[in-house]
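Listing of model.tsv, TSV, C-alpha atoms
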```tsv
chain	number	residue	atom	x	y	z
A	1	MET	CA	-7.29	-20.28	-2.33
A	2	TYR	CA	-4.78	-17.81	-0.95
A	3	LYS	CA	-4.78	-14.06	-0.55
A	4	ALA	CA	-1.45	-12.31	-1.11
A	5	THR	CA	-0.99	-8.78	0.20
A	6	ILE	CA	1.89	-7.26	-1.74
A	7	VAL	CA	3.47	-3.92	-0.81
A	8	VAL	CA	5.64	-2.23	-3.44
A	9	ARG	CA	7.77	0.71	-2.30
A	10	LEU	CA	10.30	2.91	-4.06
A	11	LYS	CA	13.85	2.14	-2.91
A	12	GLN	CA	15.18	4.54	-0.28
A	13	SER	CA	17.68	6.03	-2.73
A	14	VAL	CA	15.01	6.83	-5.33
A	15	LEU	CA	13.36	10.27	-5.31
A	16	ASP	CA	9.61	10.16	-4.56
A	17	PRO	CA	8.00	13.22	-6.21
A	18	GLN	CA	4.48	12.07	-5.28
A	19	GLY	CA	5.54	11.82	-1.63
A	20	SER	CA	7.13	15.29	-1.78
A	21	ALA	CA	3.93	16.75	-3.23
A	22	VAL	CA	1.83	15.18	-0.47
A	23	LYS	CA	4.27	16.48	2.16
A	24	GLY	CA	3.89	19.99	0.70
A	25	SER	CA	0.10	19.71	0.77
A	26	LEU	CA	0.14	18.48	4.39
A	27	HIS	CA	2.31	21.48	5.36
A	28	SER	CA	-0.16	23.80	3.58
A	29	LEU	CA	-2.99	22.26	5.59
A	30	GLY	CA	-1.15	23.05	8.83
A	31	PHE	CA	0.52	19.70	9.59
A	32	ALA	CA	3.87	21.34	10.27
A	33	GLY	CA	5.25	18.31	12.13
A	34	VAL	CA	5.45	16.14	9.02
A	35	THR	CA	9.10	15.58	8.08
A	36	ASP	CA	8.83	13.03	5.27
A	37	VAL	CA	6.28	11.16	3.17
A	38	ARG	CA	6.88	8.11	0.96
A	39	ILE	CA	4.17	6.58	-1.19
A	40	GLY	CA	3.88	3.01	-2.37
A	41	LYS	CA	1.29	0.54	-3.62
A	42	THR	CA	-0.64	-2.18	-1.86
A	43	MET	CA	-1.97	-5.00	-4.03
A	44	GLU	CA	-4.29	-7.74	-2.86
A	45	VAL	CA	-4.23	-10.78	-5.15
A	46	TRP	CA	-6.46	-13.83	-4.69
A	47	ILE	CA	-4.91	-16.98	-6.16
A	48	HIS	CA	-6.12	-20.53	-6.65
A	49	ALA	CA	-3.25	-22.79	-5.57
A	50	ASP	CA	-3.05	-26.14	-3.83
A	51	LYS	CA	-0.13	-25.35	-1.54
A	52	GLU	CA	1.19	-22.21	0.11
A	53	THR	CA	4.64	-22.78	-1.43
A	54	GLU	CA	3.07	-22.87	-4.88
A	55	ALA	CA	1.18	-19.64	-4.20
A	56	ALA	CA	4.39	-18.01	-2.92
A	57	GLU	CA	6.28	-19.01	-6.08
A	58	GLN	CA	3.56	-17.49	-8.23
A	59	VAL	CA	3.50	-14.24	-6.25
A	60	GLU	CA	7.29	-13.98	-6.49
A	61	ALA	CA	7.09	-14.45	-10.28
A	62	MET	CA	4.26	-11.87	-10.61
A	63	CYS	CA	6.28	-9.28	-8.70
A	64	GLN	CA	9.36	-9.87	-10.85
A	65	LYS	CA	7.47	-9.82	-14.15
A	66	LEU	CA	4.73	-7.23	-13.69
A	67	LEU	CA	3.88	-5.84	-10.28
A	68	ALA	CA	7.19	-4.23	-9.31
A	69	ASN	CA	10.11	-2.67	-11.15
A	70	PRO	CA	13.08	-4.27	-9.36
A	71	VAL	CA	15.41	-1.51	-10.62
A	72	ILE	CA	13.73	1.20	-8.51
A	73	GLU	CA	11.29	-0.65	-6.25
A	74	ASN	CA	11.33	-3.15	-3.40
A	75	TYR	CA	8.46	-5.50	-2.68
A	76	THR	CA	7.30	-7.54	0.28
A	77	TYR	CA	4.30	-9.83	0.54
A	78	GLN	CA	2.29	-11.85	3.02
A	79	LEU	CA	0.18	-14.89	2.22
A	80	GLU	CA	-2.89	-16.05	4.07
A	81	GLY	CA	-5.50	-18.72	3.40
A	82	ALA	CA	-8.70	-17.22	1.99
B	83	MET	CA	9.11	11.21	16.18
B	84	TYR	CA	6.61	8.66	14.90
B	85	LYS	CA	6.23	6.78	11.68
B	86	ALA	CA	2.68	6.18	10.47
B	87	THR	CA	2.04	3.50	7.86
B	88	ILE	CA	-1.29	4.30	6.26
B	89	VAL	CA	-3.06	1.92	3.89
B	90	VAL	CA	-5.85	3.36	1.73
B	91	ARG	CA	-8.09	0.88	-0.11
B	92	LEU	CA	-11.13	1.29	-2.32
B	93	LYS	CA	-14.30	0.12	-0.54
B	94	GLN	CA	-15.41	-3.40	-1.49
B	95	SER	CA	-18.48	-2.08	-3.31
B	96	VAL	CA	-16.43	0.27	-5.52
B	97	LEU	CA	-15.23	-0.94	-8.91
B	98	ASP	CA	-11.42	-1.12	-9.22
B	99	PRO	CA	-10.50	-0.68	-12.92
B	100	GLN	CA	-6.76	-0.65	-12.15
B	101	GLY	CA	-7.10	-3.98	-10.35
B	102	SER	CA	-9.11	-5.42	-13.24
B	103	ALA	CA	-6.42	-4.33	-15.71
B	104	VAL	CA	-3.69	-5.94	-13.61
B	105	LYS	CA	-5.74	-9.14	-13.35
B	106	GLY	CA	-6.05	-9.20	-17.15
B	107	SER	CA	-2.31	-8.70	-17.56
B	108	LEU	CA	-1.54	-11.48	-15.07
B	109	HIS	CA	-3.84	-13.85	-17.01
B	110	SER	CA	-2.03	-12.88	-20.25
B	111	LEU	CA	1.27	-13.73	-18.58
B	112	GLY	CA	-0.04	-17.20	-17.74
B	113	PHE	CA	-1.12	-16.73	-14.12
B	114	ALA	CA	-4.48	-18.40	-14.72
B	115	GLY	CA	-5.11	-19.05	-11.01
B	116	VAL	CA	-5.60	-15.35	-10.19
B	117	THR	CA	-9.27	-14.72	-9.39
B	118	ASP	CA	-9.22	-11.09	-8.21
B	119	VAL	CA	-6.87	-8.14	-7.78
B	120	ARG	CA	-7.52	-4.98	-5.74
B	121	ILE	CA	-5.07	-2.08	-5.68
B	122	GLY	CA	-4.57	0.48	-2.94
B	123	LYS	CA	-1.98	2.92	-1.64
B	124	THR	CA	0.55	2.65	1.16
B	125	MET	CA	1.79	5.92	2.65
B	126	GLU	CA	4.59	6.25	5.16
B	127	VAL	CA	4.46	9.55	7.04
B	128	TRP	CA	7.09	10.62	9.57
B	129	ILE	CA	5.69	13.05	12.15
B	130	HIS	CA	7.20	15.09	14.97
B	131	ALA	CA	4.87	14.68	17.93
B	132	ASP	CA	5.38	14.43	21.70
B	133	LYS	CA	2.87	11.69	22.37
B	134	GLU	CA	1.49	8.77	20.38
B	135	THR	CA	-2.09	9.98	20.95
B	136	GLU	CA	-1.16	13.34	19.43
B	137	ALA	CA	0.42	11.63	16.41
B	138	ALA	CA	-2.68	9.43	15.99
B	139	GLU	CA	-4.97	12.47	16.05
B	140	GLN	CA	-2.88	14.13	13.36
B	141	VAL	CA	-2.86	11.01	11.16
B	142	GLU	CA	-6.63	10.69	11.52
B	143	ALA	CA	-7.08	14.33	10.46
B	144	MET	CA	-4.67	13.91	7.50
B	145	CYS	CA	-6.60	10.88	6.25
B	146	GLN	CA	-9.93	12.71	6.50
B	147	LYS	CA	-8.69	15.91	4.86
B	148	LEU	CA	-6.24	14.78	2.20
B	149	LEU	CA	-4.96	11.21	2.08
B	150	ALA	CA	-8.21	9.29	1.59
B	151	ASN	CA	-11.56	9.98	0.01
B	152	PRO	CA	-13.96	8.66	2.66
B	153	VAL	CA	-16.78	8.39	0.10
B	154	ILE	CA	-15.10	5.61	-1.86
B	155	GLU	CA	-12.07	4.60	0.24
B	156	ASN	CA	-11.30	3.01	3.61
B	157	TYR	CA	-8.09	3.66	5.51
B	158	THR	CA	-6.18	1.94	8.26
B	159	TYR	CA	-2.92	2.98	9.91
B	160	GLN	CA	-0.27	1.80	12.30
B	161	LEU	CA	2.00	4.01	14.38
B	162	GLU	CA	5.48	3.15	15.59
B	163	GLY	CA	8.20	5.15	17.29
B	164	ALA	CA	10.89	6.21	14.79
```

As structure tokens, how would this structure be written, given the file I've shared?
Amino acid sequence: MYKATIVVRLKQSVLDPQGSAVKGSLHSLGFAGVTDVRIGKTMEVWIHADKETEAAEQVEAMCQKLLANPVIENYTYQLEGA
Amino acid sequence: MYKATIVVRLKQSVLDPQGSAVKGSLHSLGFAGVTDVRIGKTMEVWIHADKETEAAEQVEAMCQKLLANPVIENYTYQLEGA
């Protein structure tokens, strides 16, 4: 059993309207020092697999097929025994 | 200038319908080994602050006031010079 922690972020060149909205709200609340906000997703996936390499292959395939949109997003992941 | 990486997760006891939906989709795609999926948010916030303690205080206040809902969510953050 492995736990994969996957972080999906918009690519740097892609506009992040959600991040801009949060930045605006933080300014309204008085956090004037905030210069930029970017928002992404964190996914924790528990997988039954015999070997770590097998788990890694599955996570890679999941990211490509469903969890991330490789056109506009980057993803990174970490695996740990669970 | 500091960069805060904030991770907001639903508390363990709170149902995660988005995670359940993703788990179902992964099963449909043939990833039968997936036993659970939990989904959270990653926020990167760049802050002008003189000291790290000052930046940390601001991030703590942001999480309490806007970025997380302490009733149903937990948050963690890391600060690094940027």

> Can you tell me, as a VMD selection string, what residues are no more than 9 Å from stretch 52-68 of chain A when counting only C-alpha atoms, ignoring any on the same chain fewer than 4 positions away?
Replying inline: (chain A and resid 1 to 4 6 8 to 9 43 45 47 to 48 72 to 75 77 to 81) or (chain B and resid 104 107 to 108 111 113)

For the residues in the current selection, export C-alpha atoms as a PDB file, in the coordinates of the input.
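Saved file result-v1.pdb follows:
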```
ATOM      1  CA  MET A   1      -7.290 -20.280  -2.330  1.00  0.00           C
ATOM      2  CA  TYR A   2      -4.780 -17.810  -0.950  1.00  0.00           C
ATOM      3  CA  LYS A   3      -4.780 -14.060  -0.550  1.00  0.00           C
ATOM      4  CA  ALA A   4      -1.450 -12.310  -1.110  1.00  0.00           C
ATOM      5  CA  ILE A   6       1.890  -7.260  -1.740  1.00  0.00           C
ATOM      6  CA  VAL A   8       5.640  -2.230  -3.440  1.00  0.00           C
ATOM      7  CA  ARG A   9       7.770   0.710  -2.300  1.00  0.00           C
ATOM      8  CA  MET A  43      -1.970  -5.000  -4.030  1.00  0.00           C
ATOM      9  CA  VAL A  45      -4.230 -10.780  -5.150  1.00  0.00           C
ATOM     10  CA  ILE A  47      -4.910 -16.980  -6.160  1.00  0.00           C
ATOM     11  CA  HIS A  48      -6.120 -20.530  -6.650  1.00  0.00           C
ATOM     12  CA  ILE A  72      13.730   1.200  -8.510  1.00  0.00           C
ATOM     13  CA  GLU A  73      11.290  -0.650  -6.250  1.00  0.00           C
ATOM     14  CA  ASN A  74      11.330  -3.150  -3.400  1.00  0.00           C
ATOM     15  CA  TYR A  75       8.460  -5.500  -2.680  1.00  0.00           C
ATOM     16  CA  TYR A  77       4.300  -9.830   0.540  1.00  0.00           C
ATOM     17  CA  GLN A  78       2.290 -11.850   3.020  1.00  0.00           C
ATOM     18  CA  LEU A  79       0.180 -14.890   2.220  1.00  0.00           C
ATOM     19  CA  GLU A  80      -2.890 -16.050   4.070  1.00  0.00           C
ATOM     20  CA  GLY A  81      -5.500 -18.720   3.400  1.00  0.00           C
TER      21      GLY A  81
ATOM     22  CA  VAL B 104      -3.690  -5.940 -13.610  1.00  0.00           C
ATOM     23  CA  SER B 107      -2.310  -8.700 -17.560  1.00  0.00           C
ATOM     24  CA  LEU B 108      -1.540 -11.480 -15.070  1.00  0.00           C
ATOM     25  CA  LEU B 111       1.270 -13.730 -18.580  1.00  0.00           C
ATOM     26  CA  PHE B 113      -1.120 -16.730 -14.120  1.00  0.00           C
TER      27      PHE B 113
END
```

With chain B as the partner and 6 Å as the cut-off, tabulate the residues of chain A that qualify, each row holding the nearest pair of atoms and their distance in Å to one decimal, using all atoms listed in the file, sorted by chain and rising number, as CSV.
```
residue,atom,partner,partner_atom,distance
A:Gly33,CA,B:His130,CA,4.7
A:Val34,CA,B:Ile129,CA,4.4
A:Thr35,CA,B:Trp128,CA,5.6
A:Asp36,CA,B:Trp128,CA,5.2
A:Val37,CA,B:Val127,CA,4.6
A:Arg38,CA,B:Glu126,CA,5.1
A:Ile39,CA,B:Met125,CA,4.6
A:Gly40,CA,B:Thr124,CA,4.9
A:Lys41,CA,B:Lys123,CA,4.5
A:Thr42,CA,B:Gly122,CA,4.9
A:Met43,CA,B:Ile121,CA,4.6
A:Glu44,CA,B:Arg120,CA,5.1
A:Val45,CA,B:Val119,CA,4.6
A:Trp46,CA,B:Asp118,CA,5.2
A:Ile47,CA,B:Val116,CA,4.4
A:His48,CA,B:Gly115,CA,4.7
```

> Hey, can you check how far atom CA of A:Pro70 sits from atom CA of A:Lys11?
Replying inline: 9.1 Å

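Here atom CA of A:Gln12 and atom CA of A:Thr76 stand 14.4 Å from one another.
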
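Atom CA of A:Pro17 sits 26.3 Å away from atom CA of B:Ser102.
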
Once 5 Å is added on each side, what centre and edge lengths in Å to one decimal does the axis-aligned box around all listed atoms of stretch 125-135 of chain B have, as JSON?
```
{"center_x": 2.6, "center_y": 10.5, "center_z": 12.5, "size_x": 19.3, "size_y": 19.2, "size_z": 29.7}
```
